[in-house]
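Everything below belongs to entry.txt, which stores compact mmCIF, C-alpha atoms.
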# COMPACT_ATOMS: atom_id res chain seq x y z
CA MET A 1 -11.54 -1.45 -7.42
CA ILE A 2 -10.28 -1.55 -11.03
CA ALA A 3 -7.50 -3.88 -12.02
CA SER A 4 -4.05 -2.51 -12.56
CA PRO A 5 -2.70 -1.57 -15.95
CA VAL A 6 0.84 -1.70 -14.67
CA VAL A 7 3.40 -4.47 -15.04
CA LYS A 8 3.85 -6.93 -12.19
CA SER A 9 6.66 -6.36 -9.75
CA ASP A 10 8.37 -9.68 -10.58
CA THR A 11 9.36 -8.33 -14.02
CA LYS A 12 12.00 -6.26 -12.17
CA LEU A 13 11.04 -3.17 -14.12
CA GLN A 14 11.69 0.12 -12.35
CA VAL A 15 9.29 3.04 -12.37
CA GLU A 16 10.49 6.61 -12.76
CA ILE A 17 8.36 8.93 -10.63
CA GLU A 18 8.59 12.33 -12.27
CA ASP A 19 7.35 15.75 -11.23
CA GLU A 20 3.77 16.60 -12.14
CA ASP A 21 4.96 19.69 -13.94
CA LYS A 22 7.36 17.74 -16.15
CA LYS A 23 6.14 17.26 -19.68
CA HIS A 24 5.18 13.64 -20.36
CA PRO A 25 4.22 11.87 -23.57
CA THR A 26 0.51 11.13 -23.26
CA CYS A 27 -1.97 8.65 -24.64
CA PRO A 28 -5.79 8.72 -24.51
CA HIS A 29 -5.54 7.61 -20.87
CA GLY A 30 -3.40 10.51 -19.70
CA PRO A 31 0.34 10.92 -19.03
CA MET A 32 2.32 7.79 -19.74
CA ILE A 33 4.67 6.13 -17.24
CA LEU A 34 8.42 5.67 -17.73
CA PHE A 35 9.56 2.08 -17.14
CA TYR A 36 13.17 0.94 -17.27
CA ARG A 37 15.50 -1.86 -16.20
CA GLU A 38 18.98 -0.31 -15.94
CA THR A 39 18.70 3.46 -16.42
CA PRO A 40 15.80 5.76 -17.37
CA ASN A 41 17.45 6.46 -20.73
CA ASP A 42 17.15 2.78 -21.60
CA GLY A 43 13.44 2.66 -20.73
CA TYR A 44 10.20 3.40 -22.48
CA TYR A 45 6.98 5.30 -21.86
CA SER A 46 3.85 3.16 -21.75
CA CYS A 47 0.14 3.55 -21.05
CA SER A 48 -0.75 3.63 -17.37
CA ALA A 49 -4.34 2.45 -17.85
CA HIS A 50 -3.83 -0.84 -19.73
CA ARG A 51 -1.18 -3.50 -19.28
CA ASP A 52 -2.16 -5.18 -22.54
CA SER A 53 -0.55 -3.34 -25.46
CA LYS A 54 -3.42 -4.49 -27.71
CA LEU A 55 -5.82 -2.31 -25.71
CA CYS A 56 -3.56 0.73 -25.92
CA HIS A 57 -0.66 0.51 -28.37
CA PHE A 58 1.02 3.75 -27.27
CA ARG A 59 4.67 3.03 -26.40
CA ILE A 60 7.58 5.43 -26.86
CA PRO A 61 11.29 4.74 -26.18
CA ALA A 62 12.69 7.26 -23.71
CA THR A 63 15.39 8.32 -26.15
CA SER A 64 12.82 9.07 -28.86
CA TRP A 65 10.76 11.21 -26.53
CA GLN A 66 13.78 13.17 -25.33
CA ALA A 67 15.10 13.67 -28.86
CA GLN A 68 11.86 14.59 -30.64
CA ASN A 69 9.72 15.82 -27.77
CA LEU A 70 6.76 13.95 -29.22
CA THR A 71 3.41 14.35 -27.55
CA TYR A 72 -0.25 13.57 -27.82
CA THR A 73 -2.37 15.69 -25.53
CA PRO A 74 -5.89 14.39 -24.89
CA LYS A 75 -8.48 17.12 -24.68
CA GLU A 76 -10.39 17.60 -21.45
CA ARG A 77 -13.66 15.76 -21.94
CA ASP A 78 -17.07 17.30 -21.44
CA TYR A 79 -19.15 15.68 -18.73
CA PRO A 80 -21.78 13.35 -20.26
CA LEU A 81 -25.19 14.99 -20.56
CA THR A 82 -27.28 11.81 -20.46
CA ARG A 83 -28.58 10.70 -17.08
CA SER A 84 -29.92 7.33 -16.00
CA VAL A 85 -32.75 6.88 -13.56
CA LYS A 86 -31.45 7.87 -10.14
CA SER A 87 -30.34 4.78 -8.24
CA ALA A 88 -29.34 4.38 -4.62
CA ASP A 89 -26.45 2.14 -5.68
CA PRO A 90 -25.92 1.14 -9.33
CA THR A 91 -23.12 -1.26 -8.30
CA ASN A 92 -25.90 -3.63 -7.21
CA TYR A 93 -27.04 -4.18 -10.81
CA LEU A 94 -24.25 -2.94 -13.10
CA SER A 95 -22.17 -5.79 -14.48
CA ALA A 96 -18.74 -5.69 -12.89
CA LEU A 97 -16.00 -5.11 -15.46
CA SER A 98 -13.99 -8.30 -15.77
CA LYS A 99 -11.30 -7.88 -18.45
CA GLU A 100 -8.14 -8.43 -16.43
CA GLU A 101 -5.89 -6.53 -18.85
CA ALA A 102 -8.00 -3.39 -18.44
CA HIS A 103 -10.64 -3.58 -15.68
CA ALA A 104 -11.63 -6.08 -13.02
CA GLN A 105 -14.02 -4.69 -10.45
CA TYR A 106 -14.66 -6.03 -6.97
CA PHE A 107 -17.07 -4.46 -4.51
CA PHE A 108 -16.91 -4.29 -0.69
CA ASP A 109 -19.38 -6.38 1.29
CA GLU A 110 -21.76 -4.97 3.91
CA LYS A 111 -19.44 -5.64 6.86
CA ALA A 112 -16.55 -3.79 5.21
CA LEU A 113 -18.79 -0.83 4.36
CA ARG A 114 -20.02 -0.56 7.95
CA PHE A 115 -16.44 -0.76 9.19
CA PHE A 116 -15.28 2.12 6.98
CA VAL A 117 -18.23 4.31 7.95
CA ASN A 118 -17.67 3.62 11.65
CA GLN A 119 -14.01 4.63 11.37
CA CYS A 120 -15.03 7.86 9.66
CA ARG A 121 -17.41 8.59 12.51
CA VAL A 122 -14.74 7.90 15.13
CA LEU A 123 -12.31 10.21 13.30
CA LYS A 124 -15.02 12.85 12.80
CA ILE A 125 -14.59 12.76 9.02
CA SER A 126 -17.14 14.79 7.08
CA LYS A 127 -15.78 14.39 3.52
CA VAL A 128 -14.44 11.22 1.86
CA VAL A 129 -12.60 10.98 -1.45
CA CYS A 130 -13.33 7.49 -2.81
CA ILE A 131 -10.68 6.45 -5.35
CA GLY A 132 -11.72 3.27 -7.12
CA ALA A 133 -14.29 2.51 -4.41
CA PRO A 134 -17.71 3.15 -5.99
CA ARG A 135 -19.77 1.00 -3.62
CA LEU A 136 -18.42 2.90 -0.62
CA HIS A 137 -19.27 6.18 -2.33
CA PHE A 138 -22.91 5.20 -2.81
CA TYR A 139 -23.05 3.81 0.73
CA LEU A 140 -21.80 7.10 2.15
CA ARG A 141 -24.55 9.02 0.33
CA LYS A 142 -26.97 7.63 2.93
CA GLU A 143 -24.95 9.10 5.80
CA PRO A 144 -26.49 12.41 6.96
CA ASN A 145 -23.25 14.07 8.11
CA MET A 146 -20.88 12.83 5.40
CA CYS A 147 -20.42 13.57 1.73
CA SER A 148 -18.28 11.79 -0.82
CA PHE A 149 -16.58 12.37 -4.16
CA LEU A 150 -15.89 9.40 -6.45
CA LEU A 151 -12.75 9.22 -8.60
CA ASP A 152 -12.95 6.18 -10.86
CA LEU A 153 -11.91 4.88 -14.27
CA ASP A 154 -15.39 3.47 -15.00
CA GLU A 155 -17.22 6.11 -17.03
CA ARG A 156 -20.59 4.44 -16.48
CA PHE A 157 -20.88 6.18 -13.13
CA ALA A 158 -21.13 9.55 -14.88
CA ALA A 159 -24.66 8.57 -15.90
CA HIS A 160 -25.65 8.23 -12.23
CA LEU A 161 -23.73 11.08 -10.64
CA SER A 162 -23.30 14.80 -11.18
CA PRO A 163 -19.94 16.53 -11.79
CA GLN A 164 -20.07 17.58 -8.11
CA GLU A 165 -19.76 13.91 -7.09
CA PHE A 166 -17.77 12.16 -9.80
CA CYS A 167 -14.81 12.56 -12.11
CA LEU A 168 -13.37 10.05 -14.55
CA TYR A 169 -9.91 9.48 -13.13
CA ASN A 170 -6.76 7.41 -13.58
CA MET A 171 -5.26 6.71 -10.15
CA CYS A 172 -1.98 5.45 -11.64
CA ASN A 173 -1.01 8.87 -12.98
CA ASN A 174 -3.34 11.25 -11.08
CA HIS A 175 -5.05 12.24 -14.33
CA PHE A 176 -8.51 13.89 -14.40
CA PHE A 177 -10.38 13.34 -17.68
CA TYR A 178 -13.09 15.91 -16.90
CA SER A 179 -12.66 19.32 -15.32
CA ARG A 180 -11.03 18.99 -11.90
CA GLN A 181 -12.61 22.21 -10.62
CA PRO A 182 -15.59 20.46 -8.90
CA PHE A 183 -13.16 18.11 -7.16
CA GLU A 184 -11.00 20.99 -5.94
CA GLN A 185 -14.11 22.69 -4.64
CA PHE A 186 -14.98 19.50 -2.75
CA LEU A 187 -11.52 19.45 -1.12
CA LYS A 188 -11.95 22.93 0.32
CA CYS A 189 -13.01 22.74 3.95
CA ASN A 190 -14.25 25.05 6.62
CA ALA A 191 -13.02 24.91 10.20
CA ASN A 192 -15.38 22.06 11.16
CA GLU A 193 -14.79 19.78 8.16
CA ARG A 194 -12.26 16.96 7.76
CA VAL A 195 -11.32 15.10 4.58
CA LEU A 196 -10.19 11.48 4.30
CA VAL A 197 -8.86 9.83 1.14
CA MET A 198 -9.97 6.23 0.68
CA THR A 199 -8.36 4.22 -2.12
CA ASP A 200 -8.95 0.65 -3.24
CA PRO A 201 -6.34 0.31 -5.98
CA PRO A 202 -5.66 -2.68 -8.23
CA PHE A 203 -3.69 -5.35 -6.43
CA GLY A 204 -1.33 -5.71 -9.39
CA CYS A 205 -0.58 -2.00 -9.43
CA ARG A 206 2.85 -0.61 -8.68
CA THR A 207 2.72 0.83 -5.20
CA GLU A 208 5.13 3.58 -6.26
CA LEU A 209 2.45 5.02 -8.54
CA ILE A 210 -0.35 4.91 -5.98
CA ALA A 211 1.90 6.42 -3.33
CA ASN A 212 2.85 9.24 -5.68
CA THR A 213 -0.82 9.92 -6.44
CA LEU A 214 -1.66 10.06 -2.74
CA ARG A 215 1.18 12.51 -2.15
CA CYS A 216 -0.07 14.70 -5.01
CA LEU A 217 -3.60 14.74 -3.60
CA THR A 218 -2.25 15.59 -0.15
CA ILE A 219 -0.31 18.54 -1.57
CA LEU A 220 -3.40 19.70 -3.47
CA HIS A 221 -5.60 19.47 -0.38
CA ASN A 222 -3.11 21.35 1.78
CA ARG A 223 -2.60 24.06 -0.82
CA LEU A 224 -6.35 24.64 -1.26
CA ASN A 225 -6.85 24.85 2.50
CA CYS A 226 -3.67 26.82 3.26
CA MET A 227 -2.36 24.05 5.51
CA PRO A 228 1.09 23.24 4.09
CA HIS A 229 2.23 20.88 6.85
CA THR A 230 -0.99 19.09 7.81
CA PRO A 231 -1.15 15.32 7.11
CA LEU A 232 -4.18 14.15 5.15
CA PRO A 233 -5.82 11.00 6.60
CA ILE A 234 -5.49 8.10 4.14
CA PHE A 235 -7.11 4.65 3.98
CA TRP A 236 -5.36 2.35 1.49
CA VAL A 237 -6.92 -1.10 0.92
CA TYR A 238 -4.37 -3.71 -0.16
CA PRO A 239 -3.31 -7.32 0.59
CA TYR A 240 -1.16 -7.87 3.69
CA TYR A 241 1.61 -9.51 1.66
CA ASN A 242 2.38 -6.15 0.02
CA VAL A 243 3.15 -4.53 3.37
CA ASN A 244 6.86 -4.15 2.63
CA HIS A 245 6.20 -2.42 -0.71
CA ILE A 246 3.78 0.04 0.88
CA LYS A 247 6.11 0.74 3.82
CA GLN A 248 8.97 1.38 1.41
CA ASP A 249 6.95 3.92 -0.58
CA MET A 250 5.02 5.42 2.34
CA PRO A 251 6.76 4.59 5.66
CA GLU A 252 4.05 6.37 7.64
CA MET A 253 1.43 3.77 6.64
CA GLU A 254 0.63 1.07 9.21
CA MET A 255 -1.40 -2.09 8.65
CA CYS A 256 -4.65 -2.69 10.52
CA ASP A 257 -5.78 -6.25 11.36
CA TYR A 258 -9.27 -5.86 9.91
CA LYS A 259 -9.95 -8.40 7.12
CA ILE A 260 -11.79 -6.79 4.20
CA ASN A 261 -14.23 -8.87 2.12
CA TYR A 262 -15.52 -8.42 -1.42
CA THR A 263 -18.92 -9.66 -2.59
CA ASN A 264 -17.87 -10.83 -6.07
CA HIS A 265 -14.49 -12.43 -5.32
CA THR A 266 -14.46 -16.07 -4.19
CA ARG A 267 -11.06 -15.86 -2.49
CA TYR A 268 -11.04 -12.39 -0.95
CA THR A 269 -13.82 -13.20 1.49
CA ASP A 270 -14.65 -15.42 4.46
CA VAL A 271 -17.85 -16.71 2.83
CA GLY A 272 -18.19 -19.76 0.57
CA VAL A 273 -16.33 -23.01 -0.04
CA ALA A 274 -13.60 -21.28 -2.10
CA SER A 275 -12.76 -18.73 0.60
CA ARG A 276 -9.33 -18.76 2.19
CA THR A 277 -8.78 -20.73 5.40
CA TYR A 278 -7.64 -17.72 7.39
CA GLY A 279 -10.03 -15.22 5.85
CA SER A 280 -9.49 -12.49 3.30
CA PRO A 281 -5.86 -11.36 2.85
CA VAL A 282 -6.99 -7.79 2.19
CA ARG A 283 -6.17 -5.25 4.90
CA LEU A 284 -6.44 -1.55 5.63
CA PHE A 285 -3.24 0.52 5.60
CA SER A 286 -3.44 4.00 7.08
CA ASN A 287 -1.39 6.93 8.30
CA VAL A 288 -3.99 7.37 11.04
CA PRO A 289 -2.55 6.11 14.38
CA GLN A 290 -3.74 2.54 14.95
CA GLN A 291 -4.80 3.47 18.48
CA LEU A 292 -7.60 5.60 16.99
CA LEU A 293 -9.15 2.81 14.90
CA GLN A 294 -11.92 0.75 16.50
CA LEU A 295 -12.32 -2.80 15.19
CA PRO A 296 -15.66 -4.54 15.86
CA THR A 297 -15.42 -6.98 18.78
CA GLU A 298 -18.51 -8.81 17.49
CA GLU A 299 -16.42 -9.84 14.44
CA ALA A 300 -13.67 -11.60 16.42
CA TYR A 301 -11.44 -8.62 17.15
CA LYS A 302 -10.10 -7.67 20.57
CA TYR A 303 -8.38 -4.78 22.28
CA CYS A 304 -4.75 -5.43 23.26
CA THR A 305 -3.99 -3.50 26.43
CA LYS A 306 -0.24 -3.84 25.85
CA CYS A 307 -0.25 -2.56 22.25
CA LYS A 308 -3.10 -0.16 23.06
CA ARG A 309 -4.89 -0.98 19.81
CA TYR A 310 -7.43 -3.42 18.40
CA THR A 311 -6.13 -6.66 16.88
CA ALA A 312 -7.56 -9.92 15.52
CA ALA A 313 -8.58 -12.51 18.12
CA GLU A 314 -5.97 -15.00 16.85
CA ASN A 315 -3.22 -12.36 16.94
CA LEU A 316 -1.70 -13.07 20.35
CA HIS A 317 0.64 -10.58 21.97
CA CYS A 318 4.31 -11.63 22.16
CA ILE A 319 6.07 -10.40 25.29
CA ARG A 320 9.50 -10.91 23.70
CA CYS A 321 8.67 -8.93 20.54
CA GLU A 322 6.43 -6.47 22.45
CA THR A 323 3.80 -6.55 19.70
CA CYS A 324 0.89 -8.53 18.24
CA PRO A 325 2.85 -9.88 15.26
CA SER A 326 0.42 -11.82 13.06
CA GLN A 327 -0.37 -10.49 9.60
CA ASN A 328 -2.02 -13.36 7.73
CA GLY A 329 -4.78 -14.52 10.10
CA GLN A 330 -2.74 -17.23 11.85
CA THR A 331 -1.30 -17.27 15.36
CA TYR A 332 2.44 -16.71 15.06
CA ARG A 333 5.05 -18.37 17.28
CA HIS A 334 8.28 -16.90 18.62
CA CYS A 335 11.48 -18.44 17.24
CA GLU A 336 14.23 -18.62 19.85
CA HIS A 337 16.93 -18.79 17.17
CA CYS A 338 16.18 -15.70 15.08
CA GLY A 339 14.45 -13.79 17.86
CA VAL A 340 11.27 -12.88 15.99
CA CYS A 341 7.72 -14.21 15.65
CA VAL A 342 7.06 -16.26 12.53
CA LYS A 343 4.24 -18.16 10.82
CA PRO A 344 3.52 -21.51 12.51
CA ASN A 345 4.52 -23.56 9.43
CA TYR A 346 7.94 -21.87 9.07
CA VAL A 347 11.14 -23.69 10.00
CA HIS A 348 14.46 -22.15 10.99
CA CYS A 349 17.29 -22.18 8.44
CA PHE A 350 20.60 -21.89 10.29
CA ASN A 351 22.40 -20.92 7.08
CA CYS A 352 20.03 -18.00 6.46
CA ARG A 353 19.73 -17.21 10.18
CA ARG A 354 15.98 -16.89 9.66
CA CYS A 355 12.77 -18.89 9.47
CA SER A 356 11.17 -19.56 6.09
CA GLN A 357 8.98 -22.02 4.25
CA ARG A 358 10.40 -25.50 4.09
CA GLU A 359 9.25 -26.13 0.51
CA ASN A 360 11.41 -24.82 -2.36
CA HIS A 361 13.72 -22.94 -0.03
CA ASP A 362 16.86 -21.73 -1.82
CA CYS A 363 19.30 -20.06 0.57
CA ALA A 364 21.00 -17.87 -2.03
CA VAL A 365 17.71 -16.60 -3.47
CA TYR A 366 16.14 -16.14 -0.05
CA GLN A 367 19.11 -14.23 1.35
CA SER A 368 19.13 -11.87 -1.64
CA MET A 369 15.61 -10.76 -0.71
CA GLN A 370 16.27 -10.18 3.01
CA ARG A 371 17.00 -6.99 4.89
CA CYS A 372 20.19 -7.13 6.95
CA TRP A 373 19.67 -6.89 10.73
CA ILE A 374 22.90 -4.92 11.09
CA CYS A 375 22.82 -2.20 8.42
CA ARG A 376 19.08 -2.49 7.56
CA GLU A 377 19.89 -2.58 3.83
CA LYS A 378 18.09 -5.05 1.57
CA GLY A 379 19.87 -7.71 -0.49
CA HIS A 380 21.97 -9.64 2.02
CA ILE A 381 22.08 -11.09 5.53
CA GLU A 382 24.47 -10.34 8.39
CA THR A 383 27.16 -12.85 7.37
CA LYS A 384 27.65 -10.88 4.14
CA CYS A 385 27.22 -7.38 5.51
CA VAL A 386 29.89 -5.10 4.07
CA THR A 387 29.18 -2.46 6.71
CA TRP A 388 29.92 -4.96 9.46
CA LEU A 389 33.06 -6.31 7.79
CA GLN A 390 34.43 -2.80 7.38
CA ASN A 391 33.72 -1.75 10.95
CA ARG A 392 34.17 -4.98 12.94
CA ARG A 393 37.91 -4.55 13.41
CA ARG A 394 37.57 -0.85 14.27
CA LEU A 395 34.79 -1.65 16.74
CA LYS A 396 36.83 -4.52 18.21
CA VAL A 397 33.97 -6.99 18.08
CA LYS A 398 34.90 -10.65 17.57
CA PRO A 399 31.92 -13.01 17.42
CA ASP A 400 32.56 -16.72 17.96
CA LYS A 401 32.62 -18.21 14.45
CA ARG A 402 31.82 -21.66 15.81
CA HIS A 403 28.32 -20.41 16.65
CA PRO A 404 26.77 -18.73 13.58
CA GLN A 405 23.55 -18.10 15.50
CA ARG A 406 25.28 -15.82 17.99
CA CYS A 407 24.48 -12.12 17.85
CA PHE A 408 27.29 -10.54 15.84
CA ILE A 409 27.30 -7.48 18.10
CA CYS A 410 27.34 -8.93 21.63
CA GLY A 411 28.22 -12.55 20.92
CA ARG A 412 25.26 -14.04 22.80
CA ALA A 413 23.36 -16.96 21.30
CA GLY A 414 19.64 -17.67 21.15
CA GLN A 415 18.38 -14.49 22.83
CA HIS A 416 17.87 -11.86 20.16
CA ASN A 417 18.94 -10.76 16.70
CA GLU A 418 21.20 -7.80 15.91
CA LEU A 419 18.29 -5.38 15.53
CA LYS A 420 17.28 -5.96 19.15
CA CYS A 421 20.74 -6.22 20.68
CA PRO A 422 20.97 -4.06 23.84
CA LYS A 423 24.58 -3.17 22.92
CA ARG A 424 23.64 -1.96 19.45
CA CYS A 425 23.58 1.69 20.52
CA ARG A 426 27.29 1.50 21.38
CA PHE A 427 28.23 0.89 17.76
CA PHE A 428 25.43 2.32 15.63
CA LYS A 429 23.39 5.48 15.52
CA GLU A 430 19.74 5.09 14.51
CA ILE A 431 17.95 7.92 12.74
CA LYS A 432 14.17 7.59 12.55
CA PHE A 433 12.12 9.67 10.14
CA MET A 434 8.48 9.00 9.18
CA ASN A 435 8.59 5.53 10.78
CA GLN A 436 11.67 4.56 8.74
CA GLU A 437 14.98 3.92 10.48
CA THR A 438 18.46 4.42 9.02
CA THR A 439 21.60 2.93 10.56
CA ILE A 440 24.92 4.80 10.73
CA ALA A 441 28.08 3.20 12.13
CA LEU A 442 29.71 5.30 14.85
As structure tokens, the full file:
Amino acid sequence: MIASPVVKSDTKLQVEIEDEDKKHPTCPHGPMILFYRETPNDGYYSCSAHRDSKLCHFRIPATSWQAQNLTYTPKERDYPLTRSVKSADPTNYLSALSKEEAHAQYFFDEKALRFFVNQCRVLKISKVVCIGAPRLHFYLRKEPNMCSFLLDLDERFAAHLSPQEFCLYNMCNNHFFYSRQPFEQFLKCNANERVLVMTDPPFGCRTELIANTLRCLTILHNRLNCMPHTPLPIFWVYPYYNVNHIKQDMPEMEMCDYKINYTNHTRYTDVGVASRTYGSPVRLFSNVPQQLLQLPTEEAYKYCTKCKRYTAAENLHCIRCETCPSQNGQTYRHCEHCGVCVKPNYVHCFNCRRCSQRENHDCAVYQSMQRCWICREKGHIETKCVTWLQNRRRLKVKPDKRHPQRCFICGRAGQHNELKCPKRCRFFKEIKFMNQETTIAL
């Protein structure tokens, strides 16, 4: 894993995802990314490989690029000719890159490596594309029926691998620094071969960029194999608290309960005095159905017969929610007021109609970050839902204002929220596409 060059999400900068064929200004690290706050015309192009402008000073206002059509096109590099002594796994002795503004490498531990290999066996995967996951690549080389191709921004691996196994690569803009022909050859499969893409991106990276890269690789794989409509299996390693960002960019991705450890990170592990109380927050997101993944029972995972998938031992099934709800390693509890399972330390806020942390809770700020249970749009709660206000009179629904915790649709209190109201179908039509639902008032 190599640390993200991209700005943090709390800067409120937007990212413009443009077509691959569109001409971009480029820096030595490949096509630059367009960031903006209000409109793309007000934004600027910046390097996608370094978030510190001192490491790469390339920055072009969007208006200047459009007006002058400026460009710097890096030449395709030749693959390094020098070779180091062949090593089973150079990540065991190479110094991990640690400059946060450019690179910060963390490597999977033995348990995580075994888990990934076992899932590949279960899914009958024969080829794995490792993006930013060098230790997994070298681990897979020992597997007799699997082969791997490493895409990474650390050029040191070129001294240990041939062009048929490695390409210097920027996952934030899908840029190949060497010839991409060996990689395309790797993606081509016969009838008995299956490819899986495994990515361990920087945790500070914009999920929009990684999602766009994964879509580009899927299109490339399907074009090379003449399978235009076949989904490409994807494993995306990321912290559980980014689940909403990933689901927004790739709704088909679901989170697995398996906790992934790193050997050289004191917090993202379950080993050592500095480790987190509830284990590593890093999880596996995948478009592979969760029912097909097999979590190791010897590592405190169990099979839930109701969900028909493996979950963590502490993740107890909720009959009311009809799911195993925990995400952070704790056992959640069901709140009778908001009708959902929440973290055990959360308290219910009757003004927000939801549970949240007690400390530093600001109703206005919190409500602005919520997704409405009526219209499913983000930025408000049900009491301020414009869709509901516009349609309430037409739908002839009059909730009792003396009881703000009543369901706005049926008027019942303390049984469910508006998303789970049994009368919802009378007033709204739900359209589901790629695991994402859209609400339309009837």
Which one of A:His317, A:His361, A:Arg121, A:Lys432 sits closest to Asn145 in chain A if you count all atoms listed in the file?
A:Arg121
Quick check, in Å to one decimal: how far apart do CA of Gly132 in chain A and CA of Tyr36 in chain A lie?
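Computing it gives 27.0 Å between the two atoms.
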Give as JSON, numbers by chain each residue that has an atom at most 7 Å from (18.8, -10.1, -3.1) in the file, counting all atoms listed in the file.
{"A": [365, 367, 368, 369, 370, 378, 379, 380]}
Name the closest residue to Cys372 in chain A among the candidates A:Phe350, A:Tyr310, A:Phe408, A:Tyr278; distances are taken between atoms, counting all atoms listed in the file.
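For Cys372 in chain A, the nearest of the given residues is A:Phe408.
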Closest of A:Ile246, A:Cys172, A:Val122, A:Cys147 to Ser48 in chain A - atom-to-atom distances counting only C-alpha atoms:
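Among the listed residues, the smallest separation from Ser48 in chain A belongs to A:Cys172.
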Quick one: 6 Å padding each side, axis-aligned, all listed atoms of range 138-152 of chain A - centre and edge lengths in Å to one decimal, as JSON?
{"center_x": -19.9, "center_y": 8.9, "center_z": -1.4, "size_x": 26.2, "size_y": 22.3, "size_z": 31.0}
Restricting the calculation to only C-alpha atoms, which member of A:Cys256, A:Val129, A:Cys352, A:Leu161 is positioned closest to Pro325 in chain A?
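Using only C-alpha atoms, Pro325 in chain A sits closest to A:Cys256.
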Using Å and a single decimal, report how far CA of Cys338 in chain A sits from CA of His416 in chain A.
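Going from CA of His416 in chain A over to CA of Cys338 in chain A covers 6.6 Å.
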Which range 147-205 of chain A residues have any atom within 7 Å of an atom of range 227-238 of chain A, and for each, what is the nearest pair of atoms with distance in Å to one decimal, counting only C-alpha atoms, rows sorted by chain and number, as a tab-separated table?
residue	atom	partner	partner_atom	distance
A:Leu196	CA	A:Pro233	CA	5.0
A:Val197	CA	A:Ile234	CA	4.8
A:Met198	CA	A:Phe235	CA	4.6
A:Thr199	CA	A:Trp236	CA	5.1
A:Asp200	CA	A:Val237	CA	4.9
A:Phe203	CA	A:Tyr238	CA	6.5
Restricted to C-alpha atoms, what would the selected residues look like written as an mmCIF file, in the frame of the given file?
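And here is the file that came out, again.cif:
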data_model
loop_
_atom_site.group_PDB
_atom_site.id
_atom_site.type_symbol
_atom_site.label_atom_id
_atom_site.label_comp_id
_atom_site.auth_asym_id
_atom_site.auth_seq_id
_atom_site.Cartn_x
_atom_site.Cartn_y
_atom_site.Cartn_z
ATOM 1 C CA LEU A 196 -10.190 11.480 4.300
ATOM 2 C CA VAL A 197 -8.860 9.830 1.140
ATOM 3 C CA MET A 198 -9.970 6.230 0.680
ATOM 4 C CA THR A 199 -8.360 4.220 -2.120
ATOM 5 C CA ASP A 200 -8.950 0.650 -3.240
ATOM 6 C CA PHE A 203 -3.690 -5.350 -6.430
#
Mind filling out range 199-211 of chain A with N, CA and C atoms and sending it as an mmCIF file, in the frame of the given file?
data_model
loop_
_atom_site.group_PDB
_atom_site.id
_atom_site.type_symbol
_atom_site.label_atom_id
_atom_site.label_comp_id
_atom_site.auth_asym_id
_atom_site.auth_seq_id
_atom_site.Cartn_x
_atom_site.Cartn_y
_atom_site.Cartn_z
ATOM 1 N N THR A 199 -8.694 4.782 -0.814
ATOM 2 C CA THR A 199 -8.360 4.220 -2.120
ATOM 3 C C THR A 199 -8.343 2.706 -2.075
ATOM 4 N N ASP A 200 -8.934 2.104 -3.079
ATOM 5 C CA ASP A 200 -8.950 0.650 -3.240
ATOM 6 C C ASP A 200 -8.318 0.332 -4.595
ATOM 7 N N PRO A 201 -6.998 0.440 -4.683
ATOM 8 C CA PRO A 201 -6.340 0.310 -5.980
ATOM 9 C C PRO A 201 -6.232 -1.134 -6.440
ATOM 10 N N PRO A 202 -5.885 -1.329 -7.698
ATOM 11 C CA PRO A 202 -5.660 -2.680 -8.230
ATOM 12 C C PRO A 202 -4.532 -3.366 -7.475
ATOM 13 N N PHE A 203 -4.701 -4.644 -7.199
ATOM 14 C CA PHE A 203 -3.690 -5.350 -6.430
ATOM 15 C C PHE A 203 -2.431 -5.650 -7.247
ATOM 16 N N GLY A 204 -2.515 -5.532 -8.563
ATOM 17 C CA GLY A 204 -1.330 -5.710 -9.390
ATOM 18 C C GLY A 204 -0.633 -4.400 -9.695
ATOM 19 N N CYS A 205 -1.131 -3.319 -9.122
ATOM 20 C CA CYS A 205 -0.580 -2.000 -9.430
ATOM 21 C C CYS A 205 0.735 -1.760 -8.706
ATOM 22 N N ARG A 206 1.600 -1.001 -9.332
ATOM 23 C CA ARG A 206 2.850 -0.610 -8.680
ATOM 24 C C ARG A 206 2.546 0.347 -7.538
ATOM 25 N N THR A 207 3.002 -0.014 -6.353
ATOM 26 C CA THR A 207 2.720 0.830 -5.200
ATOM 27 C C THR A 207 3.391 2.191 -5.297
ATOM 28 N N GLU A 208 4.481 2.284 -6.075
ATOM 29 C CA GLU A 208 5.130 3.580 -6.260
ATOM 30 C C GLU A 208 4.175 4.595 -6.890
ATOM 31 N N LEU A 209 3.359 4.117 -7.835
ATOM 32 C CA LEU A 209 2.450 5.020 -8.540
ATOM 33 C C LEU A 209 1.308 5.476 -7.641
ATOM 34 N N ILE A 210 0.736 4.535 -6.883
ATOM 35 C CA ILE A 210 -0.350 4.910 -5.980
ATOM 36 C C ILE A 210 0.154 5.849 -4.893
ATOM 37 N N ALA A 211 1.327 5.554 -4.359
ATOM 38 C CA ALA A 211 1.900 6.420 -3.330
ATOM 39 C C ALA A 211 2.141 7.825 -3.862
#
